[in-house]
Each structure stands twice: as C-alpha cells, then as structure tokens.
>>> print(open('entry30.cif').read())   # mmCIF, C-alpha atoms
data_upload
loop_
_atom_site.label_atom_id
_atom_site.label_comp_id
_atom_site.auth_asym_id
_atom_site.auth_seq_id
_atom_site.Cartn_x
_atom_site.Cartn_y
_atom_site.Cartn_z
CA MET A 1 23.90 24.22 14.38
CA THR A 2 20.73 24.71 16.43
CA ALA A 3 18.55 21.89 17.76
CA VAL A 4 15.76 23.06 15.46
CA ALA A 5 17.98 22.82 12.37
CA THR A 6 19.40 19.44 13.27
CA GLY A 7 16.01 18.09 14.38
CA ARG A 8 17.27 16.31 17.48
CA GLY A 9 14.59 14.18 19.11
CA LEU A 10 12.18 14.23 16.19
CA ASP A 11 10.49 10.92 15.37
CA LEU A 12 11.07 10.82 11.62
CA ARG A 13 8.53 8.06 11.08
CA ARG A 14 5.65 9.96 12.67
CA GLU A 15 6.31 13.72 12.77
CA PRO A 16 4.65 16.00 10.20
CA LEU A 17 6.62 16.23 6.98
CA THR A 18 7.09 19.96 7.46
CA ALA A 19 9.21 19.21 10.53
CA LEU A 20 11.33 16.68 8.65
CA ARG A 21 11.88 18.99 5.70
CA ALA A 22 13.35 21.61 8.05
CA ILE A 23 16.08 19.23 9.25
CA ASP A 24 19.67 19.68 8.14
CA PHE A 25 20.38 16.03 7.34
CA ARG A 26 23.89 17.00 6.27
CA SER A 27 24.79 18.01 9.81
CA ALA A 28 27.50 15.91 11.45
CA ASP A 29 25.19 15.72 14.48
CA ARG A 30 22.77 13.51 12.54
CA ASP A 31 22.94 9.69 12.49
CA TYR A 32 22.76 9.52 8.71
CA TRP A 33 21.91 5.83 8.35
CA ALA A 34 19.36 5.86 11.18
CA ASP A 35 17.69 8.79 9.43
CA GLU A 36 17.66 6.89 6.16
CA SER A 37 16.11 3.81 7.77
CA ALA A 38 13.35 5.87 9.40
CA VAL A 39 12.45 7.78 6.25
CA HIS A 40 12.51 4.59 4.18
CA ASP A 41 10.11 2.94 6.65
CA ARG A 42 7.81 5.90 6.21
CA PHE A 43 8.09 5.76 2.43
CA VAL A 44 7.22 2.07 2.08
CA ALA A 45 4.27 2.53 4.47
CA VAL A 46 2.69 5.14 2.20
CA TRP A 47 0.99 2.54 -0.01
CA ALA A 48 -0.15 0.25 2.80
CA GLY A 49 -3.62 -1.16 2.20
CA LEU A 50 -4.04 0.15 -1.35
CA ASP A 51 -5.13 -2.24 -4.08
CA ASP A 52 -3.64 -2.41 -7.58
CA ALA A 53 -6.25 -0.12 -9.13
CA ALA A 54 -5.28 2.63 -6.67
CA TRP A 55 -1.65 2.42 -7.80
CA ARG A 56 -2.51 3.23 -11.42
CA LEU A 57 -5.01 6.04 -10.84
CA PRO A 58 -3.63 9.27 -12.34
CA GLY A 59 -3.80 12.52 -10.48
CA ALA A 60 -1.17 12.24 -7.77
CA ALA A 61 0.72 15.11 -9.39
CA PRO A 62 1.07 16.79 -12.79
CA SER A 63 4.05 15.90 -14.96
CA ASP A 64 6.83 18.49 -14.83
CA ALA A 65 7.62 17.74 -18.48
CA GLY A 66 4.17 18.07 -20.03
CA GLY A 67 3.23 14.39 -19.94
CA PRO A 68 0.16 12.76 -18.40
CA ASP A 69 -0.44 13.16 -14.68
CA TRP A 70 1.62 10.87 -12.50
CA SER A 71 0.12 8.04 -10.49
CA LEU A 72 1.33 6.39 -7.29
CA LEU A 73 2.97 3.75 -9.48
CA ASP A 74 4.81 6.45 -11.46
CA HIS A 75 6.14 8.08 -8.28
CA VAL A 76 7.31 4.83 -6.72
CA ALA A 77 8.81 3.64 -10.01
CA HIS A 78 10.74 6.92 -10.29
CA VAL A 79 12.27 6.39 -6.84
CA VAL A 80 13.11 2.78 -7.71
CA ASP A 81 14.63 3.85 -11.02
CA TRP A 82 16.99 6.28 -9.32
CA HIS A 83 18.06 3.65 -6.80
CA GLU A 84 19.07 1.47 -9.75
CA VAL A 85 20.76 4.34 -11.61
CA ALA A 86 22.62 5.49 -8.50
CA THR A 87 23.90 2.01 -7.71
CA VAL A 88 25.80 2.07 -11.00
CA TYR A 89 27.36 5.51 -10.64
CA VAL A 90 28.32 5.12 -6.97
CA ALA A 91 29.95 1.78 -7.80
CA GLY A 92 31.87 3.63 -10.49
CA VAL A 93 33.07 6.21 -7.99
CA LEU A 94 34.19 3.46 -5.63
CA ASP A 95 36.19 2.01 -8.51
CA GLY A 96 38.01 5.30 -8.96
CA GLY A 97 35.70 7.17 -11.33
CA ALA A 98 34.31 10.69 -11.02
CA TRP A 99 30.89 11.71 -9.76
CA PRO A 100 28.43 12.12 -12.61
CA SER A 101 27.43 15.44 -14.09
CA ALA A 102 23.86 16.69 -14.42
CA ALA A 103 24.54 16.84 -18.16
CA ASP A 104 24.74 13.02 -18.16
CA TYR A 105 20.98 12.88 -17.58
CA GLY A 106 18.92 14.47 -20.33
CA GLY A 107 21.53 17.16 -20.78
CA GLY A 108 20.73 18.40 -17.28
CA ASP A 109 16.96 18.51 -17.87
CA PHE A 110 15.98 16.03 -15.15
CA ASP A 111 12.24 16.59 -15.64
CA THR A 112 12.43 15.43 -19.25
CA PHE A 113 14.85 12.63 -18.38
CA ASN A 114 12.49 11.30 -15.71
CA GLU A 115 9.46 11.59 -17.99
CA THR A 116 11.13 9.51 -20.71
CA ARG A 117 11.76 6.67 -18.25
CA ARG A 118 8.15 6.23 -17.09
CA ALA A 119 7.45 3.70 -19.85
CA ARG A 120 10.12 1.35 -18.43
CA PHE A 121 7.84 0.65 -15.46
CA ALA A 122 4.36 1.20 -16.87
CA ASP A 123 3.56 -2.49 -17.34
CA LEU A 124 4.87 -3.67 -13.97
CA ALA A 125 2.32 -4.99 -11.50
CA PRO A 126 2.50 -3.13 -8.18
CA ALA A 127 3.70 -6.30 -6.43
CA GLU A 128 6.56 -6.62 -8.95
CA LEU A 129 7.46 -2.98 -8.47
CA ARG A 130 7.50 -3.35 -4.68
CA GLU A 131 9.81 -6.37 -4.96
CA ARG A 132 12.08 -4.63 -7.46
CA GLY A 133 12.15 -1.58 -5.22
CA ALA A 134 13.18 -3.58 -2.16
CA ILE A 135 16.04 -5.16 -4.11
CA ALA A 136 17.15 -1.83 -5.60
CA HIS A 137 17.10 -0.13 -2.21
CA GLU A 138 19.26 -2.81 -0.60
CA ARG A 139 21.73 -2.80 -3.48
CA PHE A 140 22.11 0.96 -3.37
CA LEU A 141 22.54 0.94 0.40
CA ALA A 142 25.27 -1.69 0.04
CA VAL A 143 27.36 0.52 -2.24
CA ALA A 144 26.49 3.83 -0.53
CA ARG A 145 27.53 2.50 2.88
CA ARG A 146 31.02 1.93 1.49
CA LEU A 147 31.40 5.69 1.20
CA PRO A 148 32.71 7.45 4.32
CA LEU A 149 30.16 9.88 5.74
CA GLU A 150 32.58 12.74 5.30
CA VAL A 151 32.57 11.94 1.57
CA ILE A 152 28.77 11.70 1.36
CA ARG A 153 28.54 15.16 2.94
CA THR A 154 30.86 16.78 0.39
CA ASP A 155 29.46 19.07 -2.30
CA ASP A 156 30.48 16.60 -5.03
CA ALA A 157 28.62 13.66 -3.50
CA TRP A 158 25.70 15.05 -1.51
CA GLY A 159 23.21 15.55 -4.32
CA TRP A 160 24.07 12.19 -5.87
CA VAL A 161 23.71 10.13 -2.68
CA HIS A 162 21.40 11.89 -0.25
CA GLN A 163 18.95 12.97 -2.93
CA VAL A 164 18.49 9.34 -3.99
CA LEU A 165 18.00 8.22 -0.40
CA HIS A 166 15.95 10.08 2.18
CA GLY A 167 16.08 13.42 0.41
CA HIS A 168 14.28 11.91 -2.56
CA ALA A 169 11.79 9.98 -0.42
CA LEU A 170 10.82 13.13 1.47
CA ASP A 171 10.26 15.02 -1.78
CA HIS A 172 7.82 12.38 -2.97
CA LEU A 173 6.15 11.82 0.39
CA ARG A 174 5.05 15.46 0.26
CA VAL A 175 2.84 14.42 -2.67
CA LEU A 176 2.16 10.79 -1.85
CA GLU A 177 1.10 10.91 1.81
CA PRO A 178 -2.01 13.07 1.21
CA TRP A 179 -2.72 11.31 -2.09
CA ALA A 180 -2.54 7.84 -0.54
CA ASP A 181 -4.64 8.91 2.45
CA ALA A 182 -7.35 10.17 0.08
CA LEU A 183 -7.21 6.93 -1.93
CA ARG A 184 -7.58 4.84 1.23
CA GLN A 185 -10.65 6.85 2.22
CA ARG A 186 -12.14 6.18 -1.21
CA GLN A 187 -11.24 2.49 -1.08
CA THR A 188 -12.84 2.22 2.36
CA ARG A 189 -16.04 3.53 0.77
CA ASN A 190 -15.64 0.84 -1.95
CA ASP A 191 -14.73 3.16 -4.79
CA PRO A 192 -13.49 0.76 -7.51
CA PHE A 193 -11.14 3.45 -8.97
CA GLY A 194 -12.57 2.74 -12.38
CA PRO A 195 -15.71 1.54 -14.14
CA ASP A 196 -18.56 -0.01 -12.17
CA PRO A 197 -17.58 -3.67 -11.70
CA GLN A 198 -21.19 -4.81 -12.29
CA PRO A 199 -21.02 -7.08 -15.39
CA VAL A 200 -23.14 -6.58 -18.50
CA ARG A 201 -24.14 -9.37 -20.88
CA ALA A 202 -21.90 -8.35 -23.78
CA GLY A 203 -18.73 -8.61 -21.70
CA LEU A 204 -19.75 -11.22 -19.15
CA PRO A 205 -16.98 -13.82 -19.71
CA SER A 206 -14.22 -11.21 -19.47
CA ALA A 207 -15.92 -9.57 -16.48
CA ILE A 208 -16.01 -12.89 -14.63
CA ALA A 209 -12.35 -13.55 -15.48
CA GLY A 210 -11.48 -10.06 -14.21
CA PHE A 211 -13.46 -10.69 -11.03
CA TRP A 212 -11.33 -13.73 -10.21
CA SER A 213 -8.09 -12.01 -11.22
CA ASP A 214 -8.84 -9.12 -8.87
CA GLU A 215 -9.92 -11.53 -6.16
CA ALA A 216 -6.62 -13.40 -6.27
CA VAL A 217 -4.56 -10.23 -5.90
CA ILE A 218 -6.65 -8.64 -3.14
CA LEU A 219 -7.02 -11.80 -1.08
CA GLY A 220 -3.30 -12.40 -1.50
CA GLN A 221 -2.60 -8.93 -0.11
CA PHE A 222 -4.87 -9.58 2.84
CA ASP A 223 -3.22 -12.94 3.54
CA ASP A 224 0.18 -11.23 3.52
CA LEU A 225 -1.17 -8.65 5.95
CA LEU A 226 -2.42 -11.30 8.37
CA SER A 227 0.86 -13.18 8.14
CA ALA A 228 2.74 -10.03 9.14
CA VAL A 229 0.93 -9.69 12.48
CA PRO A 230 1.94 -11.97 15.39
CA GLU A 231 -1.07 -13.55 17.07
CA GLY A 232 -0.23 -11.69 20.27
CA ASP A 233 -1.04 -8.42 18.48
CA TRP A 234 -4.43 -9.48 17.10
CA ALA A 235 -6.21 -8.04 20.17
CA LYS A 236 -4.55 -4.62 19.88
CA PRO A 237 -6.71 -1.73 18.64
CA THR A 238 -6.06 -0.78 15.03
CA ASP A 239 -6.71 2.72 13.70
CA GLY A 240 -10.40 2.52 14.68
CA ASP A 241 -12.46 0.95 17.42
CA TRP A 242 -11.87 -2.59 16.17
CA THR A 243 -8.92 -4.91 16.71
CA LEU A 244 -7.40 -6.99 13.94
CA ALA A 245 -9.31 -9.97 15.40
CA ASP A 246 -12.55 -7.98 15.06
CA HIS A 247 -11.86 -7.29 11.38
CA VAL A 248 -11.09 -10.95 10.66
CA ALA A 249 -14.18 -12.16 12.54
CA HIS A 250 -16.34 -9.65 10.67
CA LEU A 251 -15.02 -10.73 7.26
CA ALA A 252 -15.38 -14.42 8.10
CA GLY A 253 -18.95 -13.85 9.22
CA TRP A 254 -19.89 -12.08 6.01
CA PHE A 255 -18.21 -14.77 3.90
CA ALA A 256 -20.67 -17.22 5.43
CA ILE A 257 -23.64 -14.86 5.04
CA GLY A 258 -22.83 -14.20 1.39
CA ALA A 259 -22.40 -17.90 0.67
CA ASP A 260 -25.73 -18.65 2.34
CA ALA A 261 -27.47 -15.99 0.23
CA LEU A 262 -26.12 -17.43 -3.02
CA GLU A 263 -26.80 -21.04 -2.02
CA ARG A 264 -30.39 -20.24 -1.05
CA HIS A 265 -31.04 -18.38 -4.28
CA ALA A 266 -29.71 -21.30 -6.29
CA THR A 267 -32.42 -23.55 -4.81
CA SER A 268 -35.29 -21.11 -4.10
CA GLY A 269 -34.85 -18.24 -6.56
CA VAL A 270 -35.33 -15.82 -3.65
CA TRP A 271 -32.66 -13.42 -2.46
CA LYS A 272 -31.79 -13.25 1.22
CA GLU A 273 -32.96 -10.14 3.10
CA MET A 274 -30.41 -7.85 4.74
CA PRO A 275 -30.38 -7.67 8.59
CA PRO A 276 -33.54 -5.82 9.68
CA GLU A 277 -31.75 -3.83 12.40
CA GLY A 278 -29.39 -2.24 9.85
CA LEU A 279 -25.78 -3.05 9.01
CA ASP A 280 -24.13 -0.96 11.72
CA LEU A 281 -26.02 -2.58 14.58
CA PHE A 282 -25.70 -6.02 13.01
CA ASN A 283 -21.94 -5.66 12.53
CA ASP A 284 -21.48 -4.39 16.08
CA ARG A 285 -23.39 -7.35 17.47
CA GLN A 286 -21.52 -9.77 15.21
CA VAL A 287 -18.11 -8.50 16.28
CA ARG A 288 -18.94 -8.37 19.98
CA ALA A 289 -20.15 -11.97 19.87
CA ALA A 290 -16.82 -13.11 18.36
CA ARG A 291 -14.55 -11.34 20.84
CA GLY A 292 -12.35 -13.69 22.82
CA THR A 293 -12.09 -16.18 19.94
CA PRO A 294 -8.44 -17.28 19.62
CA PRO A 295 -6.63 -16.14 16.46
CA GLY A 296 -6.14 -19.73 15.33
CA GLU A 297 -9.89 -20.34 15.40
CA LEU A 298 -10.54 -17.04 13.63
CA ARG A 299 -8.12 -18.09 10.91
CA ARG A 300 -10.00 -21.37 10.54
CA GLN A 301 -13.37 -19.60 10.34
CA TYR A 302 -11.98 -17.13 7.82
CA ALA A 303 -10.56 -19.88 5.59
CA THR A 304 -13.70 -22.03 5.83
CA GLY A 305 -16.00 -19.13 5.05
CA LEU A 306 -13.82 -17.99 2.17
CA ASP A 307 -13.79 -21.45 0.59
CA ARG A 308 -17.56 -21.70 0.94
CA LEU A 309 -18.17 -18.27 -0.61
CA ARG A 310 -15.79 -18.94 -3.49
CA SER A 311 -17.59 -22.20 -4.19
CA ALA A 312 -21.00 -20.51 -4.13
CA ILE A 313 -19.80 -17.81 -6.53
CA ARG A 314 -18.36 -20.36 -8.94
CA GLY A 315 -21.83 -21.94 -9.06
CA MET A 316 -23.56 -18.69 -10.09
CA THR A 317 -25.52 -18.67 -13.34
CA ASP A 318 -25.08 -15.97 -15.95
CA GLU A 319 -28.38 -14.44 -14.85
CA GLU A 320 -27.18 -14.27 -11.26
CA TRP A 321 -23.99 -12.51 -12.36
CA LEU A 322 -26.06 -9.99 -14.32
CA ASP A 323 -28.55 -9.44 -11.52
CA PRO A 324 -27.25 -6.48 -9.42
CA GLU A 325 -28.40 -8.23 -6.27
CA GLY A 326 -26.64 -11.45 -7.18
CA PHE A 327 -23.44 -9.66 -8.14
CA SER A 328 -23.60 -7.64 -4.94
CA TRP A 329 -23.67 -10.79 -2.80
CA ALA A 330 -20.59 -12.03 -4.66
CA TYR A 331 -18.54 -8.85 -4.94
CA GLU A 332 -19.56 -7.06 -1.75
CA ASP A 333 -18.89 -10.13 0.39
CA LEU A 334 -15.69 -11.26 -1.28
CA HIS A 335 -12.93 -8.95 -2.52
CA GLY A 336 -15.03 -5.80 -2.61
CA HIS A 337 -15.40 -6.20 1.14
CA VAL A 338 -11.85 -7.34 1.77
CA ARG A 339 -10.33 -4.37 -0.09
CA THR A 340 -12.35 -2.06 2.18
CA HIS A 341 -10.82 -3.61 5.29
CA LEU A 342 -7.40 -3.79 3.65
CA ALA A 343 -7.47 0.00 3.40
CA MET A 344 -8.67 0.32 6.99
CA ILE A 345 -5.96 -1.75 8.64
CA GLY A 346 -3.06 -1.70 6.16
CA PRO A 347 -1.37 1.41 7.63
CA TRP A 348 -1.69 0.04 11.16
CA VAL A 349 0.03 -3.19 10.13
CA ALA A 350 2.77 -1.24 8.34
CA ARG A 351 3.52 0.73 11.52
CA LEU A 352 3.38 -2.29 13.82
CA GLY A 353 7.02 -3.18 13.28
CA TRP A 354 8.30 0.35 13.73
CA PRO A 355 10.31 1.26 16.83
CA ALA A 356 8.26 2.79 19.62
CA PRO A 357 7.77 6.56 19.31
CA ALA A 358 10.85 8.48 20.37
CA LYS A 359 10.69 10.03 23.83
CA ARG A 360 10.89 13.85 23.74
#
>>> encode(input="entry30.cif", output="structure tokens")
Amino acid sequence: MTAVATGRGLDLRREPLTALRAIDFRSADRDYWADESAVHDRFVAVWAGLDDAAWRLPGAAPSDAGGPDWSLLDHVAHVVDWHEVATVYVAGVLDGGAWPSAADYGGGDFDTFNETRRARFADLAPAELRERGAIAHERFLAVARRLPLEVIRTDDAWGWVHQVLHGHALDHLRVLEPWADALRQRQTRNDPFGPDPQPVRAGLPSAIAGFWSDEAVILGQFDDLLSAVPEGDWAKPTDGDWTLADHVAHLAGWFAIGADALERHATSGVWKEMPPEGLDLFNDRQVRAARGTPPGELRRQYATGLDRLRSAIRGMTDEEWLDPEGFSWAYEDLHGHVRTHLAMIGPWVARLGWPAPAKR
C-alpha cells in the first residue's frame, strides 16, 4: 500500500475532500478510530454559524428518488437515521446474528428507502436534530467499537460499519461543505432565506411573534458560541481581521445605538441619522476604541445593551413596526445583526477545539 493510498500525514479535518476521498481507510496502516473522530469533527463543523432557516432551505442536492430537493436538514437527518439503524443491526451481530442484506432496506433500493424516511425528521428543529445526532453517534460508536478491527475490515462488515461512519460523512460533506459555505456567505449579507421579514399590517401580530421566536433561537445560538470560547482565546483573530472580542464589542455597541434610536423616536417622532462617515469607518473606529476591554466587561456591555434593545423593541407601536425605518432599527440591530456575525465566526469557533494541524 503506497503512502498516497493510505494517506499518511494528511490532516483529515483540514485537507481538501478530494485528498480524503483518495484514502484507503480499510488499510491496516490506518488508525481507524482516529480517522473516524477527525471526519466526524469535520462533519459537525459543516453547519457552524447557520441559523434555522438555512437548515430548511432546499437545493443542497436533488433527490435520487424523484422527491423534492434535499436541504441541509435532510442530509444531516439521513446521517443520523443511519446511525440509529446501524446501532440496531450491529448490536444484533454482536448477539450472534448475521449482517443485514441490502434487500432488508427497500428491497435493495436504498435511494427509495432513504426518501421514504425523510418525513420522520421533517418536523424536528435543527437543535433537536443536532442533539439526537450526537446521541445516535455515541450509541453507534459504543457498539461498533466492540467489533474487532479485523472484523470491520471484512467484506461482510465493511459496508455496514464504515459506510455509516466516516465513509458516509465524506459522501455527504462533498455536497454539504460547498452548500454550507454558500449559505454562510448569504447569511453574512443578511439574506433571510425566505420572505422579507418586514411586517405588513394584515399579519402584524404573527410577524411580531415570529420576530421574537427567531430572536430567541438566534441569540441562544450566539450565547452557546460565546460559552464555547475560553476568555483567553477572545483576543485571537477569527476568520477575518477581527477577534472574537471585536465582534462582541461591535454587537454590544450597536445594541445601544439601536435602543437609543427607538427610545428617541418614541419621544420625538424623529428617527436617528446613521453615522455620517459611513458604516465601515464608524465600525472600524468603534472596534478600535474597544480593544483591550476585558472579556468579562465585554460580556457585561453585551448583556446590558441587549436588555436595553429588547426593552425598546417591546415598546414599539404598531406604526413603528410597520415603518421600514423603525423595523430596521429593531431587526438590523438585534437578531438580524447577530445572525450575520454568527455566520462569520461560527466556523472559527467550531475549529477552535480541534487538534493543531498535523505536521507534514
């Protein structure tokens, strides 16, 4: 087996997928479980920073069985489903049973079998699916690790174990990595992945309820992101010029600006003007002024500004909600803004806990 075929020295978390797909994972030279861990890290990082609307957007790939196009949620649910299915049949093998036959699944027509199971997951919220996936992955690993590696590498077992683990993940990453990257670019530009969120009078109560429902999910995601980063890493550069501390300071500053705009309008009827020097220069100056602020103080400013902006939005009149300028101050400075930065820094946070790049 050549070094190229076995892929010695390749960093599976970071190398191009074409390099990973050329590896002979069945080779006895491979550390099978280290490979699985690396590919799984890469798989769960694919959705980093994406909001719930991004998960449900169709177009990731066409259905192989003539159904509607698959979304990110469909792809992830399919991987989760096979972890759950495989846990049952591997446990059966460990109890003395035989490996399954392709005929056991849609008569051997896996495309149709997989299509019929999409509905089982269609109503799951992305957070529920992620939690279910983490549980299913650990359960399958627990039973699969009871199989000797020489058994996993046999013809009878290989397609039923490896294909559900990193073989399967790599198949779907080929579709999902470019799809998720494109979605993050759109989310960074504040594409709502659906209808314009600006309310209209006929549906105002439901629009306001939806605004707060979306806000709770997106701010919860951002809080989870911040909690995952030790304070010692807040000053590290992310995927752009800014550090995590810069992003938090920027959001906190705009929470306060948005709240001030809404509070002033409530008393004066006049909307606040945008910074005369333009947003780019203003944001640069704002971030530079905040540098050196300890993470604990940034957290306090973020929480204080968020509470103030939420309060100001709750005080908006119906006419302010319907006014595009009023809605912009609410949406663009609350979760519309946060989801933009979630997409910017989510992948960086996902990679932060990875082992350092392998030395070549």
>>> residues_around(input="entry30.cif", residues="Thr188 in chain A", least_positions_apart="4", cutoff="12 Å", atoms="all atoms listed in the file", output="JSON, numbers by chain")
{"A": [49, 50, 51, 54, 181, 182, 183, 184, 192, 193, 336, 337, 338, 339, 340, 341, 342, 343, 344, 345, 346]}
>>> resolve_selection(input="entry30.cif", expression="the PyMOL selection byres ((chain A and resi 96-106) around 12)", output="ChimeraX atom specification")
/A:65,82,85-86,88-95,107-117,151-152,154-161
>>> resolve_selection(input="entry30.cif", expression="the PyMOL selection byres ((chain A and resi 40) around 10)", output="short mmCIF file (atom, residue, chain, number, x, y, z; two decimals) with C-alpha atoms, in the frame of the given file")
data_model
loop_
_atom_site.label_atom_id
_atom_site.label_comp_id
_atom_site.auth_asym_id
_atom_site.auth_seq_id
_atom_site.Cartn_x
_atom_site.Cartn_y
_atom_site.Cartn_z
CA LEU A 12 11.07 10.82 11.62
CA ARG A 13 8.53 8.06 11.08
CA ALA A 34 19.36 5.86 11.18
CA ASP A 35 17.69 8.79 9.43
CA GLU A 36 17.66 6.89 6.16
CA SER A 37 16.11 3.81 7.77
CA ALA A 38 13.35 5.87 9.40
CA VAL A 39 12.45 7.78 6.25
CA ASP A 41 10.11 2.94 6.65
CA ARG A 42 7.81 5.90 6.21
CA PHE A 43 8.09 5.76 2.43
CA VAL A 44 7.22 2.07 2.08
CA ALA A 45 4.27 2.53 4.47
CA HIS A 137 17.10 -0.13 -2.21
CA LEU A 165 18.00 8.22 -0.40
CA HIS A 166 15.95 10.08 2.18
CA ALA A 169 11.79 9.98 -0.42
CA LEU A 170 10.82 13.13 1.47
#
>>> closest_atom_pairs(input="entry30.cif", of="range 321-358 of chain A", to="range 257-279 of chain A", cutoff="8 Å", atoms="only C-alpha atoms", output="Markdown table")
| residue | atom | partner | partner_atom | distance |
| --- | --- | --- | --- | --- |
| A:Glu325 | CA | A:Trp271 | CA | 7.7 |
| A:Gly326 | CA | A:Leu262 | CA | 7.3 |
| A:Trp329 | CA | A:Gly258 | CA | 5.5 |
| A:Ala330 | CA | A:Gly258 | CA | 6.8 |
| A:Asp333 | CA | A:Gly258 | CA | 5.8 |
>>> closest_residue(input="entry30.cif", among="A:Arg118, A:Arg300, A:Arg130, A:Arg146", to="Pro68 in chain A", atoms="all atoms listed in the file")
A:Arg118
>>> resolve_selection(input="entry30.cif", expression="the PyMOL selection byres ((chain A and resi 248) around 9)", output="PyMOL selection string")
chain A and resi 226+243-247+249-253+295+298-299+301-302
>>> axis_aligned_box(input="entry30.cif", around="range 135-146 of chain A", padding_each_side="4 Å", output="JSON")
{"center_x": 23.5, "center_y": -0.7, "center_z": -1.4, "size_x": 23.0, "size_y": 17.0, "size_z": 16.5}
>>> decode(input="entry30.cif", residues="range 87-150 of chain A", atoms="C-alpha atoms", output="compact mmCIF listing (two decimals), in the first residue's frame")
# COMPACT_ATOMS: atom_id res chain seq x y z
CA THR A 87 -26.87 0.61 16.09
CA VAL A 88 -29.66 -1.96 15.96
CA TYR A 89 -28.14 -4.25 13.35
CA VAL A 90 -24.59 -4.16 14.76
CA ALA A 91 -26.00 -4.99 18.20
CA GLY A 92 -27.74 -7.93 16.55
CA VAL A 93 -24.47 -9.14 15.04
CA LEU A 94 -22.78 -8.88 18.42
CA ASP A 95 -25.56 -11.05 19.83
CA GLY A 96 -24.80 -13.73 17.26
CA GLY A 97 -26.94 -12.64 14.32
CA ALA A 98 -25.94 -12.21 10.67
CA TRP A 99 -25.06 -8.99 8.90
CA PRO A 100 -28.07 -7.49 7.16
CA SER A 101 -28.76 -7.79 3.47
CA ALA A 102 -29.34 -4.88 1.11
CA ALA A 103 -32.73 -6.45 0.43
CA ASP A 104 -33.72 -5.62 4.02
CA TYR A 105 -33.84 -1.93 3.08
CA GLY A 106 -36.37 -1.09 0.40
CA GLY A 107 -35.64 -4.36 -1.36
CA GLY A 108 -32.13 -3.10 -2.04
CA ASP A 109 -33.29 0.25 -3.46
CA PHE A 110 -31.54 2.48 -0.93
CA ASP A 111 -32.48 5.70 -2.73
CA THR A 112 -36.19 4.96 -2.33
CA PHE A 113 -35.69 3.67 1.21
CA ASN A 114 -33.91 6.87 2.23
CA GLU A 115 -36.51 9.07 0.54
CA THR A 116 -39.36 7.41 2.44
CA ARG A 117 -37.68 8.17 5.77
CA ARG A 118 -37.30 11.94 5.28
CA ALA A 119 -40.71 12.60 6.84
CA ARG A 120 -39.53 11.08 10.14
CA PHE A 121 -37.29 14.10 10.68
CA ALA A 122 -39.07 16.87 8.78
CA ASP A 123 -40.64 18.49 11.85
CA LEU A 124 -37.53 18.39 14.04
CA ALA A 125 -35.96 21.72 14.95
CA PRO A 126 -32.28 21.85 13.97
CA ALA A 127 -31.26 21.99 17.64
CA GLU A 128 -33.26 18.80 18.32
CA LEU A 129 -31.68 17.11 15.33
CA ARG A 130 -28.18 18.08 16.47
CA GLU A 131 -28.86 16.66 19.93
CA ARG A 132 -30.39 13.48 18.53
CA GLY A 133 -27.44 13.14 16.19
CA ALA A 134 -24.89 13.45 18.98
CA ILE A 135 -26.68 10.73 20.97
CA ALA A 136 -27.03 8.45 17.93
CA HIS A 137 -23.36 8.85 17.03
CA GLU A 138 -22.18 7.94 20.52
CA ARG A 139 -24.50 4.94 20.71
CA PHE A 140 -23.33 3.61 17.37
CA LEU A 141 -19.68 4.12 18.29
CA ALA A 142 -20.27 2.19 21.52
CA VAL A 143 -21.48 -0.90 19.68
CA ALA A 144 -19.14 -0.57 16.68
CA ARG A 145 -16.08 -0.36 18.93
CA ARG A 146 -16.96 -3.79 20.29
CA LEU A 147 -16.17 -5.22 16.86
CA PRO A 148 -12.52 -6.16 16.28
CA LEU A 149 -10.96 -4.09 13.52
CA GLU A 150 -10.20 -7.22 11.54
